[in-house]
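Asks: My structure is stored as run01.txt, with compact mmCIF, C-alpha atoms (C1' of nucleotides).
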# COMPACT_ATOMS: atom_id res chain seq x y z
CA MET A 878 -43.05 1.74 -16.51
CA PRO A 879 -41.71 1.55 -20.05
CA TYR A 880 -40.42 -1.72 -21.37
CA SER A 881 -36.78 -0.69 -21.45
CA THR A 882 -36.73 0.35 -17.80
CA GLU A 883 -38.37 -2.84 -16.69
CA HIS A 884 -35.96 -4.84 -18.76
CA LYS A 885 -33.01 -2.97 -17.33
CA GLN A 886 -34.23 -3.75 -13.83
CA ARG A 887 -34.42 -7.44 -14.61
CA THR A 888 -30.94 -7.47 -16.11
CA ARG A 889 -29.59 -5.65 -13.10
CA GLU A 890 -31.06 -8.19 -10.74
CA SER A 891 -29.71 -11.02 -12.83
CA ILE A 892 -26.22 -9.56 -12.55
CA LEU A 893 -26.70 -9.11 -8.82
CA SER A 894 -27.79 -12.72 -8.31
CA THR A 895 -24.83 -13.96 -10.27
CA ALA A 896 -22.57 -11.69 -8.23
CA ILE A 897 -23.87 -13.09 -4.96
CA ARG A 898 -23.17 -16.61 -6.12
CA LEU A 899 -19.69 -15.94 -7.47
CA PHE A 900 -18.47 -13.60 -4.74
CA SER A 901 -19.71 -15.88 -1.97
CA ASN A 902 -17.95 -18.89 -3.37
CA LYS A 903 -14.74 -17.36 -4.68
CA GLY A 904 -14.23 -14.06 -2.88
CA TYR A 905 -13.96 -10.54 -4.20
CA ASP A 906 -10.62 -10.66 -5.99
CA SER A 907 -11.07 -14.02 -7.66
CA VAL A 908 -14.18 -12.91 -9.51
CA THR A 909 -13.65 -10.88 -12.68
CA ILE A 910 -16.21 -8.70 -14.38
CA ASP A 911 -15.79 -10.89 -17.41
CA GLN A 912 -16.62 -14.11 -15.54
CA LEU A 913 -19.52 -12.42 -13.86
CA MET A 914 -21.10 -11.06 -17.02
CA THR A 915 -20.50 -14.22 -18.98
CA ALA A 916 -22.17 -16.21 -16.21
CA ALA A 917 -25.08 -13.77 -16.35
CA GLY A 918 -25.34 -14.33 -20.10
CA LEU A 919 -23.94 -10.96 -21.13
CA THR A 920 -20.62 -9.41 -22.04
CA ARG A 921 -18.15 -7.17 -20.19
CA GLY A 922 -19.24 -3.93 -21.74
CA ALA A 923 -22.81 -4.12 -20.48
CA PHE A 924 -21.72 -4.10 -16.87
CA TYR A 925 -21.14 -0.39 -16.47
CA THR A 926 -24.66 0.59 -17.48
CA HIS A 927 -25.80 -1.04 -14.24
CA PHE A 928 -23.01 -0.48 -11.73
CA ASP A 929 -20.30 2.15 -11.40
CA SER A 930 -17.56 -0.23 -10.37
CA LYS A 931 -16.77 -3.70 -9.16
CA SER A 932 -16.48 -2.58 -5.55
CA GLU A 933 -19.88 -0.87 -5.67
CA LEU A 934 -21.37 -4.10 -6.93
CA TYR A 935 -19.73 -5.99 -4.09
CA ALA A 936 -21.26 -3.70 -1.49
CA GLU A 937 -24.70 -4.23 -2.98
CA ALA A 938 -24.12 -7.95 -3.30
CA VAL A 939 -23.30 -8.38 0.37
CA LEU A 940 -26.52 -6.67 1.37
CA ALA A 941 -28.63 -8.50 -1.20
CA ALA A 942 -27.05 -11.81 -0.21
CA ALA A 943 -28.03 -11.24 3.40
CA MET A 944 -31.62 -10.46 2.47
CA GLN A 945 -31.94 -13.36 0.07
CA SER A 946 -30.33 -16.00 2.23
CA PRO A 947 -33.23 -17.91 3.76
CA ILE A 948 -30.91 -19.08 6.47
CA ALA A 949 -29.69 -15.71 7.69
CA SER A 950 -32.88 -13.75 7.39
CA GLY A 951 -35.03 -15.73 9.78
CA ALA A 952 -36.00 -18.98 8.13
CA CYS A 953 -38.45 -21.46 9.62
CA PRO A 954 -41.33 -19.09 10.20
CA GLY A 955 -43.34 -21.99 11.56
CA GLU A 956 -41.22 -22.71 14.60
CA LYS A 957 -41.06 -20.69 17.81
CA GLY A 958 -38.70 -20.14 20.70
CA THR A 959 -36.03 -22.74 21.33
CA ASP A 960 -37.38 -24.93 18.55
CA TRP A 961 -36.69 -22.13 16.10
CA ILE A 962 -33.13 -21.79 17.35
CA ARG A 963 -32.55 -25.52 17.15
CA ARG A 964 -33.94 -25.67 13.64
CA THR A 965 -32.04 -22.62 12.43
CA ALA A 966 -28.79 -23.97 13.88
CA SER A 967 -29.29 -27.28 12.14
CA LEU A 968 -29.95 -25.52 8.84
CA TYR A 969 -27.11 -23.06 9.24
CA LEU A 970 -24.56 -25.57 10.48
CA SER A 971 -25.26 -28.13 7.77
CA ARG A 972 -23.53 -29.62 4.77
CA GLU A 973 -26.33 -28.23 2.64
CA HIS A 974 -25.40 -24.73 3.70
CA LEU A 975 -21.70 -25.37 3.08
CA GLU A 976 -22.47 -26.61 -0.40
CA GLN A 977 -25.13 -23.97 -1.00
CA GLU A 978 -24.02 -22.12 -4.12
CA ASP A 979 -26.88 -19.74 -4.71
CA PHE A 980 -27.91 -18.34 -1.34
CA PRO A 981 -25.27 -18.98 1.30
CA CYS A 982 -25.02 -16.67 4.30
CA PRO A 983 -22.56 -13.88 3.47
CA LEU A 984 -21.76 -13.39 7.14
CA ALA A 985 -19.97 -16.73 7.08
CA PHE A 986 -18.87 -17.05 3.47
CA LEU A 987 -17.39 -13.56 3.27
CA VAL A 988 -16.06 -12.79 6.76
CA THR A 989 -12.39 -12.43 5.92
CA ASP A 990 -13.16 -11.10 2.48
CA VAL A 991 -15.22 -8.24 3.92
CA ALA A 992 -12.56 -7.50 6.54
CA ASN A 993 -10.17 -6.58 3.74
CA ARG A 994 -12.64 -4.27 2.01
CA GLU A 995 -13.55 -0.61 2.40
CA PRO A 996 -15.61 0.84 5.28
CA ALA A 997 -18.88 1.01 3.33
CA VAL A 998 -18.90 -2.76 2.90
CA ARG A 999 -17.98 -3.30 6.53
CA ASN A 1000 -20.79 -1.02 7.63
CA THR A 1001 -23.19 -3.21 5.72
CA TYR A 1002 -21.71 -6.31 7.30
CA THR A 1003 -22.06 -4.74 10.73
CA ARG A 1004 -25.74 -4.00 10.19
CA VAL A 1005 -26.45 -7.47 8.84
CA TYR A 1006 -24.66 -9.10 11.74
CA ALA A 1007 -26.55 -7.00 14.30
CA GLU A 1008 -29.82 -7.99 12.67
CA PHE A 1009 -28.87 -11.66 12.76
CA VAL A 1010 -28.12 -11.33 16.47
CA ARG A 1011 -31.38 -9.51 17.08
CA VAL A 1012 -33.41 -12.25 15.42
CA LEU A 1013 -31.56 -14.92 17.38
CA GLN A 1014 -32.23 -13.22 20.68
CA SER A 1015 -35.90 -12.72 19.90
CA HIS A 1016 -36.27 -16.48 19.81
CA LEU A 1017 -34.55 -17.17 23.09
CA PRO A 1018 -36.87 -18.62 25.73
CA MET A 1019 -38.79 -16.37 28.11
CA GLU A 1020 -37.16 -13.29 29.54
CA ALA A 1021 -33.80 -14.11 27.94
CA SER A 1022 -35.22 -12.54 24.81
CA THR A 1023 -35.00 -9.13 26.48
CA THR A 1024 -32.33 -9.36 29.19
CA ALA A 1025 -28.70 -8.26 28.92
CA LYS A 1026 -27.64 -11.83 29.58
CA GLY A 1027 -29.74 -13.04 26.67
CA SER A 1028 -28.29 -10.33 24.49
CA GLU A 1029 -24.73 -11.29 25.36
CA LEU A 1030 -25.50 -14.91 24.66
CA SER A 1031 -26.90 -14.00 21.24
CA TRP A 1032 -23.82 -12.07 20.17
CA ALA A 1033 -21.73 -15.14 20.94
CA MET A 1034 -24.14 -17.64 19.40
CA ALA A 1035 -24.02 -15.75 16.12
CA ALA A 1036 -20.22 -15.76 16.18
CA LEU A 1037 -20.26 -19.49 16.88
CA MET A 1038 -22.56 -20.27 13.99
CA ILE A 1039 -20.66 -18.05 11.60
CA GLY A 1040 -17.34 -19.35 12.84
CA GLY A 1041 -18.43 -22.95 12.46
CA VAL A 1042 -19.49 -22.51 8.85
CA ALA A 1043 -16.49 -20.37 7.94
CA VAL A 1044 -14.04 -22.85 9.44
CA CYS A 1045 -15.69 -25.81 7.74
CA ARG A 1046 -15.32 -24.12 4.38
CA ALA A 1047 -11.59 -23.86 4.97
CA LEU A 1048 -11.23 -27.47 6.09
CA ASN A 1049 -10.34 -30.24 3.69
CA ASP A 1050 -11.39 -33.33 5.58
CA GLU A 1051 -14.94 -34.67 5.52
CA ALA A 1052 -14.79 -36.29 8.94
CA THR A 1053 -13.43 -33.14 10.54
CA ILE A 1054 -16.11 -31.02 8.90
CA ASP A 1055 -18.88 -33.25 10.26
CA ARG A 1056 -17.36 -33.17 13.70
CA VAL A 1057 -17.26 -29.37 13.72
CA LEU A 1058 -20.83 -29.06 12.44
CA VAL A 1059 -22.22 -31.45 15.02
CA ALA A 1060 -20.24 -29.89 17.84
CA CYS A 1061 -21.38 -26.37 17.00
CA ARG A 1062 -25.01 -27.43 16.65
CA GLN A 1063 -24.89 -29.17 20.02
CA VAL A 1064 -23.35 -26.20 21.76
CA VAL A 1065 -25.79 -23.73 20.22
CA GLU A 1066 -28.71 -25.83 21.38
CA GLY A 1067 -27.22 -26.23 24.81
CA LEU A 1068 -26.71 -22.50 25.16
CA ALA A 1069 -30.26 -21.70 24.09
CA GLU A 1070 -31.73 -24.15 26.57
CA ASP A 1071 -29.51 -23.38 29.53
CA VAL A 1072 -30.44 -19.73 29.49
CA ALA A 1073 -34.04 -20.59 30.28
CA MET B 741 27.56 -24.06 6.35
CA PRO B 742 29.06 -21.59 3.89
CA TYR B 743 28.23 -17.94 4.21
CA SER B 744 26.04 -17.75 1.14
CA THR B 745 23.80 -20.60 2.26
CA GLU B 746 23.36 -19.11 5.71
CA HIS B 747 22.59 -15.74 4.21
CA LYS B 748 20.07 -17.25 1.84
CA GLN B 749 18.36 -18.90 4.77
CA ARG B 750 18.06 -15.59 6.59
CA THR B 751 16.66 -13.85 3.53
CA ARG B 752 14.15 -16.61 3.04
CA GLU B 753 12.93 -16.28 6.57
CA SER B 754 12.70 -12.55 6.23
CA ILE B 755 10.47 -12.97 3.18
CA LEU B 756 8.36 -15.50 5.05
CA SER B 757 7.85 -13.21 8.04
CA THR B 758 6.85 -10.38 5.77
CA ALA B 759 4.49 -12.71 3.94
CA ILE B 760 2.78 -13.74 7.17
CA ARG B 761 2.20 -10.14 8.09
CA LEU B 762 0.92 -9.04 4.70
CA PHE B 763 -1.19 -12.09 3.87
CA SER B 764 -2.82 -12.11 7.30
CA ASN B 765 -3.84 -8.50 7.10
CA LYS B 766 -4.74 -8.17 3.44
CA GLY B 767 -5.47 -11.65 2.11
CA TYR B 768 -3.87 -13.63 -0.68
CA ASP B 769 -4.95 -11.70 -3.73
CA SER B 770 -4.36 -8.23 -2.36
CA VAL B 771 -0.68 -8.88 -1.73
CA THR B 772 1.61 -8.58 -4.73
CA ILE B 773 5.08 -10.05 -5.03
CA ASP B 774 6.33 -6.53 -5.54
CA GLN B 775 4.80 -5.22 -2.31
CA LEU B 776 6.05 -8.26 -0.46
CA MET B 777 9.65 -8.00 -1.62
CA THR B 778 9.78 -4.25 -1.21
CA ALA B 779 8.52 -4.63 2.36
CA ALA B 780 11.22 -7.23 2.91
CA GLY B 781 13.82 -4.79 1.62
CA LEU B 782 14.42 -6.54 -1.70
CA THR B 783 13.15 -6.39 -5.28
CA ARG B 784 10.79 -8.55 -7.32
CA GLY B 785 13.42 -10.55 -9.11
CA ALA B 786 14.94 -12.00 -5.95
CA PHE B 787 11.72 -13.74 -4.99
CA TYR B 788 12.00 -16.76 -7.25
CA THR B 789 15.33 -17.88 -5.86
CA HIS B 790 13.49 -18.66 -2.64
CA PHE B 791 10.02 -19.78 -3.66
CA ASP B 792 8.60 -21.36 -6.79
CA SER B 793 5.42 -19.35 -6.85
CA LYS B 794 3.17 -17.05 -4.90
CA SER B 795 0.82 -19.87 -3.97
CA GLU B 796 3.66 -22.02 -2.68
CA LEU B 797 4.72 -19.13 -0.47
CA TYR B 798 1.17 -18.80 0.81
CA ALA B 799 1.02 -22.44 1.84
CA GLU B 800 4.26 -22.08 3.76
CA ALA B 801 3.13 -18.80 5.29
CA VAL B 802 -0.07 -20.27 6.71
CA LEU B 803 1.88 -23.02 8.45
CA ALA B 804 4.60 -20.69 9.69
CA ALA B 805 2.00 -18.20 10.90
CA ALA B 806 0.33 -20.90 12.96
CA MET B 807 3.61 -21.94 14.56
CA GLN B 808 4.74 -18.40 15.25
CA SER B 809 1.46 -17.09 16.62
CA PRO B 810 1.89 -17.18 20.39
CA ILE B 811 -1.87 -17.18 20.74
CA ALA B 812 -2.63 -20.19 18.61
CA SER B 813 0.27 -22.40 19.58
CA GLY B 814 -0.48 -22.71 23.27
CA ALA B 815 0.45 -19.45 24.96
CA CYS B 816 0.46 -18.96 28.76
CA PRO B 817 2.63 -21.92 29.71
CA GLY B 818 2.29 -20.84 33.33
CA GLU B 819 -1.43 -21.42 33.68
CA LYS B 820 -3.22 -24.74 33.99
CA GLY B 821 -6.68 -26.14 33.44
CA THR B 822 -9.60 -23.75 33.31
CA ASP B 823 -7.32 -20.83 34.15
CA TRP B 824 -5.38 -21.53 30.96
CA ILE B 825 -8.58 -21.56 28.92
CA ARG B 826 -9.79 -18.34 30.48
CA ARG B 827 -6.45 -16.64 29.89
CA THR B 828 -6.14 -17.91 26.32
CA ALA B 829 -9.68 -16.80 25.49
CA SER B 830 -8.99 -13.33 26.86
CA LEU B 831 -5.82 -13.10 24.78
CA TYR B 832 -7.38 -14.52 21.66
CA LEU B 833 -10.62 -12.55 21.87
CA SER B 834 -8.93 -9.21 22.48
CA ARG B 835 -8.42 -5.93 20.70
CA GLU B 836 -4.69 -6.58 20.87
CA HIS B 837 -5.15 -9.70 18.79
CA LEU B 838 -7.40 -7.89 16.31
CA GLU B 839 -4.79 -5.20 15.87
CA GLN B 840 -1.89 -7.63 15.95
CA GLU B 841 -0.02 -7.10 12.71
CA ASP B 842 2.95 -9.40 13.04
CA PHE B 843 1.67 -12.64 14.57
CA PRO B 844 -2.10 -12.92 14.37
CA CYS B 845 -3.75 -16.33 14.35
CA PRO B 846 -4.11 -17.44 10.73
CA LEU B 847 -7.08 -19.65 11.65
CA ALA B 848 -9.12 -16.50 12.23
CA PHE B 849 -7.45 -13.98 9.95
CA LEU B 850 -7.42 -16.26 6.91
CA VAL B 851 -10.52 -18.44 7.21
CA THR B 852 -12.35 -17.33 4.11
CA ASP B 853 -9.13 -16.68 2.27
CA VAL B 854 -7.99 -20.28 2.78
CA ALA B 855 -11.41 -21.62 1.80
CA ASN B 856 -10.86 -20.20 -1.67
CA ARG B 857 -7.40 -21.70 -2.07
CA GLU B 858 -6.10 -25.05 -3.30
CA PRO B 859 -6.31 -28.31 -1.30
CA ALA B 860 -2.70 -28.22 -0.09
CA VAL B 861 -3.36 -25.00 1.80
CA ARG B 862 -6.63 -26.33 3.19
CA ASN B 863 -4.88 -29.47 4.38
CA THR B 864 -2.50 -27.31 6.35
CA TYR B 865 -5.39 -25.34 7.77
CA THR B 866 -7.11 -28.57 8.78
CA ARG B 867 -4.04 -29.80 10.65
CA VAL B 868 -3.52 -26.49 12.41
CA TYR B 869 -7.16 -26.34 13.44
CA ALA B 870 -7.11 -29.89 14.79
CA GLU B 871 -4.02 -29.08 16.82
CA PHE B 872 -5.67 -25.96 18.22
CA VAL B 873 -8.66 -28.07 19.27
CA ARG B 874 -6.39 -30.69 20.82
CA VAL B 875 -4.58 -28.13 22.95
CA LEU B 876 -7.87 -26.62 24.06
CA GLN B 877 -9.25 -29.96 25.13
CA SER B 878 -6.09 -30.87 27.02
CA HIS B 879 -6.77 -27.93 29.31
CA LEU B 880 -10.38 -28.75 30.05
CA PRO B 881 -11.01 -29.65 33.68
CA MET B 882 -10.76 -33.27 34.86
CA GLU B 883 -12.05 -36.09 32.72
CA ALA B 884 -13.43 -33.68 30.12
CA SER B 885 -9.91 -33.55 28.73
CA THR B 886 -10.31 -37.11 27.50
CA THR B 887 -14.06 -37.75 27.07
CA ALA B 888 -16.05 -37.55 23.86
CA LYS B 889 -18.16 -34.79 25.39
CA GLY B 890 -15.04 -32.76 26.14
CA SER B 891 -13.81 -33.34 22.63
CA GLU B 892 -17.07 -32.13 21.11
CA LEU B 893 -16.98 -29.07 23.32
CA SER B 894 -13.46 -28.27 22.16
CA TRP B 895 -14.32 -28.42 18.47
CA ALA B 896 -17.06 -25.87 19.09
CA MET B 897 -15.00 -23.66 21.41
CA ALA B 898 -12.33 -23.33 18.76
CA ALA B 899 -14.96 -22.36 16.17
CA LEU B 900 -16.38 -19.80 18.58
CA MET B 901 -13.00 -18.18 19.25
CA ILE B 902 -12.08 -18.13 15.58
CA GLY B 903 -15.53 -16.92 14.59
CA GLY B 904 -15.45 -14.15 17.17
CA VAL B 905 -12.14 -12.78 15.93
CA ALA B 906 -12.99 -13.20 12.25
CA VAL B 907 -16.34 -11.43 12.65
CA CYS B 908 -14.81 -8.56 14.62
CA ARG B 909 -12.31 -7.94 11.85
CA ALA B 910 -15.19 -7.53 9.41
CA LEU B 911 -17.14 -5.19 11.70
CA ASN B 912 -16.80 -1.44 11.49
CA ASP B 913 -18.18 -0.29 14.80
CA GLU B 914 -16.08 -0.12 17.96
CA ALA B 915 -18.95 -0.69 20.36
CA THR B 916 -20.17 -3.73 18.44
CA ILE B 917 -16.68 -5.18 18.34
CA ASP B 918 -16.30 -4.88 22.10
CA ARG B 919 -19.67 -6.46 22.63
CA VAL B 920 -18.78 -9.45 20.49
CA LEU B 921 -15.40 -9.91 22.16
CA VAL B 922 -16.85 -9.80 25.66
CA ALA B 923 -19.74 -12.09 24.76
CA CYS B 924 -17.47 -14.71 23.21
CA ARG B 925 -15.05 -14.62 26.13
CA GLN B 926 -17.89 -15.06 28.59
CA VAL B 927 -19.38 -17.97 26.71
CA VAL B 928 -16.02 -19.72 26.29
CA GLU B 929 -15.38 -19.44 30.01
CA GLY B 930 -18.86 -20.64 30.83
CA LEU B 931 -18.49 -23.65 28.56
CA ALA B 932 -15.13 -24.60 30.05
CA GLU B 933 -16.48 -24.42 33.59
CA ASP B 934 -19.83 -26.08 33.03
CA VAL B 935 -18.23 -29.19 31.63
CA ALA B 936 -16.58 -29.86 34.97
C1' DG C 993 -29.09 -1.65 -23.53
C1' DT C 994 -25.82 -4.55 -25.33
C1' DC C 995 -22.25 -5.50 -28.29
C1' DT C 996 -17.04 -5.55 -29.99
C1' DA C 997 -12.69 -3.40 -29.64
C1' DT C 998 -9.32 -1.37 -27.05
C1' DA C 999 -7.01 1.67 -23.92
C1' DG C 1000 -4.25 1.62 -19.83
C1' DA C 1001 -2.60 -0.33 -15.68
C1' DA C 1002 -0.90 -4.01 -13.00
C1' DA C 1003 0.22 -8.60 -11.98
C1' DG C 1004 3.14 -13.22 -12.05
C1' DA C 1005 7.05 -14.97 -13.74
C1' DT C 1006 11.60 -15.13 -16.46
C1' DA C 1007 16.30 -13.52 -18.56
C1' DG C 1008 20.59 -11.87 -18.17
C1' DA C 1009 23.97 -8.52 -16.07
C1' DC C 1010 26.71 -7.91 -11.92
C1' DG D 1437 21.89 -13.84 -4.51
C1' DT D 1438 20.17 -9.74 -6.03
C1' DC D 1439 19.50 -6.46 -9.36
C1' DT D 1440 17.04 -4.19 -13.64
C1' DA D 1441 14.51 -5.02 -17.71
C1' DT D 1442 10.97 -7.36 -19.94
C1' DC D 1443 7.66 -10.92 -21.61
C1' DT D 1444 3.00 -12.28 -21.20
C1' DT D 1445 -1.27 -12.39 -19.33
C1' DT D 1446 -5.12 -10.53 -17.21
C1' DC D 1447 -7.90 -7.12 -15.37
C1' DT D 1448 -10.85 -2.69 -14.85
C1' DA D 1449 -12.87 0.57 -17.33
C1' DT D 1450 -14.09 3.28 -21.57
C1' DA D 1451 -15.41 4.35 -26.63
C1' DG D 1452 -18.18 3.86 -30.28
C1' DA D 1453 -21.11 0.91 -33.40
C1' DC D 1454 -25.70 -1.13 -33.63
Would you mind writing the structure in this file as C-alpha cells?
Replies:
Amino acid sequence: MPYSTEHKQRTRESILSTAIRLFSNKGYDSVTIDQLMTAAGLTRGAFYTHFDSKSELYAEAVLAAAMQSPIASGACPGEKGTDWIRRTASLYLSREHLEQEDFPCPLAFLVTDVANREPAVRNTYTRVYAEFVRVLQSHLPMEASTTAKGSELSWAMAALMIGGVAVCRALNDEATIDRVLVACRQVVEGLAEDVA
Amino acid sequence: MPYSTEHKQRTRESILSTAIRLFSNKGYDSVTIDQLMTAAGLTRGAFYTHFDSKSELYAEAVLAAAMQSPIASGACPGEKGTDWIRRTASLYLSREHLEQEDFPCPLAFLVTDVANREPAVRNTYTRVYAEFVRVLQSHLPMEASTTAKGSELSWAMAALMIGGVAVCRALNDEATIDRVLVACRQVVEGLAEDVA
DNA sequence: GTCTATAGAAAGATAGAC
DNA sequence: GTCTATCTTTCTATAGAC
C-alpha cells in the first residue's frame, strides 16, 4: 500500500472518530463541517476528499460508533450469564457513560436524532439495536437465552437501558439523574434474575 | 379584554400548537421559523410579536406539549390502580402514539433533542418527567404507591416507556417496532403487578 | 491530500409600510 | 398585528492553487 493511500486512510478514520464524538454529544444539525474538520486538525476543504456529504458521514458515524462503543458491543468479556448482564447494566447506566465523550452508545445518545434522519441511517440503527438485543439475550440465564419469553424480555431490557441513559442526558438535576440510573439498574437486574 | 388582545392570544396559541407538532416530529434544528409560521397560516415577520426567539418558543412548546399530551398527563381517568397502568402503557406504547402528529409525548419524542438544548429547557423536561413518574407511582397497587420500592420502580417504568417509544421512532422495520412495543408493554404490566 | 477563497443557499432576526 | 423587504450570519459544497 503506497504511503498516500495509507495516510488517507488514517485521516479518514481521524475524521470519523471526531464525527462520532461531536455528533453523539451535539446531534446532527448542531455539528458543522467546519467544527468537525477543525477539531480533527484540518480545514473545511479537505472533507470532501473523504466523504460525499455530511449525511453520508453521519450514517457511517452511527455504525462506527456502535462498533467502537465498548459498552454497546459486548463489554466485560470476562463475565458470564447474569453477572455479565449486571455488570453491563452498571456500566451502561452510569455517570461515566453519561459523561463519556469519546465512545458513548449511539443507540442512547442519538435516538431522537436518528428518528429525524433518512431511512439509510435508521436501517443502521435498527441493525445495531437488534444486535444489542441479541447479545443481551445470549447472556440471560439458562433456557431464557433461547426462549420466546427470553427474547421478549431482551427487547424490553434494551429499551429500558437506552431509555434510562437518553432520559438522564435530558435531565438537569443531579439527584434525579442518580435516581433514574439506580432505578433502571435495579430493574434490569431484577428482570434478568426473575426469568431464571 | 379588547378585541386585539384576544386576537393576539389566539394567534399565539395557534403558533404554539403548530410548534408542538413540528418540533416533536422534526426536532429543534430542522424546523425553521418560516416553515412554522407558514404552517400556522402567517408569515415570518409576525413571529417576533409573539416570541422573543426560536429557543424561547421551544422552551414553551416542550411544556405545552407535556400538558396537552393526553398520554403523558394522566389519560384514562376512568381506570384505577393496575388497570390504569396497563391501559396507559398500551396507549403510550402503541403505533397510534408513534404516528401521533399533533399531541405526542415530548418526553419520548424530544429526549435527545432536549439533551442538546440549554438548561432552561432541560429544567422543564426534568419537571415534566418527575410529574410523569409521580402519576405512575400513584397508580401502583396498594402500599407500593407510597414506598421507596414503588418509587424506584416508577422511575424505571417511566424510562422504559419513554425508551420504548423513542427507540421505535428511530427504527425502520415494522416487525421490529411491533416486537419492541409488545415487549415493553408486557414488561411494564409485569412490573406493576409483581410489586403488589 | 490539503489548503484558501468563494459560490450559492438558507437561516434568524429586524425595519418600516399598511 | 401582520405584511414584505432586507440585513447579517452561517452553512454546505465546489474551484483552483500548492
Asks: Would you list the contacts of Glu1066 in chain A as a ChimeraX atom specification, taking every protein, DNA or RNA residue within 8 Å and counting only C-alpha atoms (C1' of nucleotides), but skipping same-chain residues closer than 4 positions in sequence?
Replies: /A:959,962-963,966,1062,1070
Asks: Please produce, as a tab-separated table, a per-residue contact table for chain A versus chain C (criterion: any atom at most 12 Å away, all atoms listed in the file considered), showing the nearest atom pair and its distance in Å to one decimal, sorted by chain then residue number.
Replies:
residue	atom	partner	partner_atom	distance
A:Tyr880	CA	C:DG993	C1'	11.5
A:Ser881	CA	C:DG993	C1'	8.0
A:Thr882	CA	C:DG993	C1'	9.8
A:Glu883	CA	C:DG993	C1'	11.6
A:His884	CA	C:DG993	C1'	9.0
A:Lys885	CA	C:DG993	C1'	7.5
A:Gln886	CA	C:DG993	C1'	11.2
A:Arg887	CA	C:DG993	C1'	11.9
A:Thr888	CA	C:DG993	C1'	9.6
A:Arg889	CA	C:DG993	C1'	11.2
A:Met914	CA	C:DT994	C1'	11.6
A:Gly918	CA	C:DT994	C1'	11.1
A:Leu919	CA	C:DT994	C1'	7.9
A:Thr920	CA	C:DC995	C1'	7.6
A:Arg921	CA	C:DC995	C1'	9.2
A:Gly922	CA	C:DC995	C1'	7.4
A:Ala923	CA	C:DT994	C1'	5.7
A:Phe924	CA	C:DT994	C1'	9.4
A:Tyr925	CA	C:DG993	C1'	10.7
A:Thr926	CA	C:DG993	C1'	7.8
A:His927	CA	C:DG993	C1'	9.9
Asks: Have a look at B:His879, B:Arg857, B:Lys794, B:Lys820 and name the one nearest to chain A; count all atoms listed in the file.
Replies: B:Arg857
Asks: Could you tell me how far CA of Val802 in chain B lies from CA of Tyr869 in chain B, in Å and to one decimal?
Replies: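 Spanning CA of Val802 in chain B to CA of Tyr869 in chain B is a straight-line distance of 11.5 Å.
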Asks: At a cut-off of 7 Å, which residues of chain A touch chain B? Count only C-alpha atoms and give the answer as a ChimeraX atom specification.
Replies: /A:903,906,986-993,996,999-1000,1002-1003,1029-1030,1032-1033,1036-1037,1039-1041,1043-1044,1046-1049,1057,1060-1061,1064
Asks: Using only C-alpha atoms (C1' of nucleotides), find which residues of chain D lie within 12 Å of chain A and jot them down as a list in words.
Replies: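 Every residue meeting the condition is included here: DT1446, DC1447, DT1448, DA1449, DT1450, DA1451 and DG1452 of chain D.
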Asks: Point out the residue among B:Asp842, B:Ala936, B:Glu914, B:Ser754 with the least atom-to-atom distance to Pro881 in chain B, counting all atoms listed in the file.
Replies: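 Closest residue, counting all atoms listed in the file: B:Ala936.
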Asks: What is the distance, in Å and to one decimal place, between CA of Glu753 in chain B and CA of Ala806 in chain B?
Replies: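 For CA of Glu753 in chain B relative to CA of Ala806 in chain B, the distance reads 14.9 Å.
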Asks: Excluding same-chain residues fewer than 4 positions from Gln977 in chain A, what lies within 10 Å of it counting only C-alpha atoms (C1' of nucleotides), as a PyMOL selection string?
Replies: chain A and resi 898+901-902+971-973+981-982
Asks: How many Å separate CA of Ile755 in chain B from CA of Glu841 in chain B?
Replies: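 Between CA of Ile755 in chain B and CA of Glu841 in chain B the gap is 15.3 Å.
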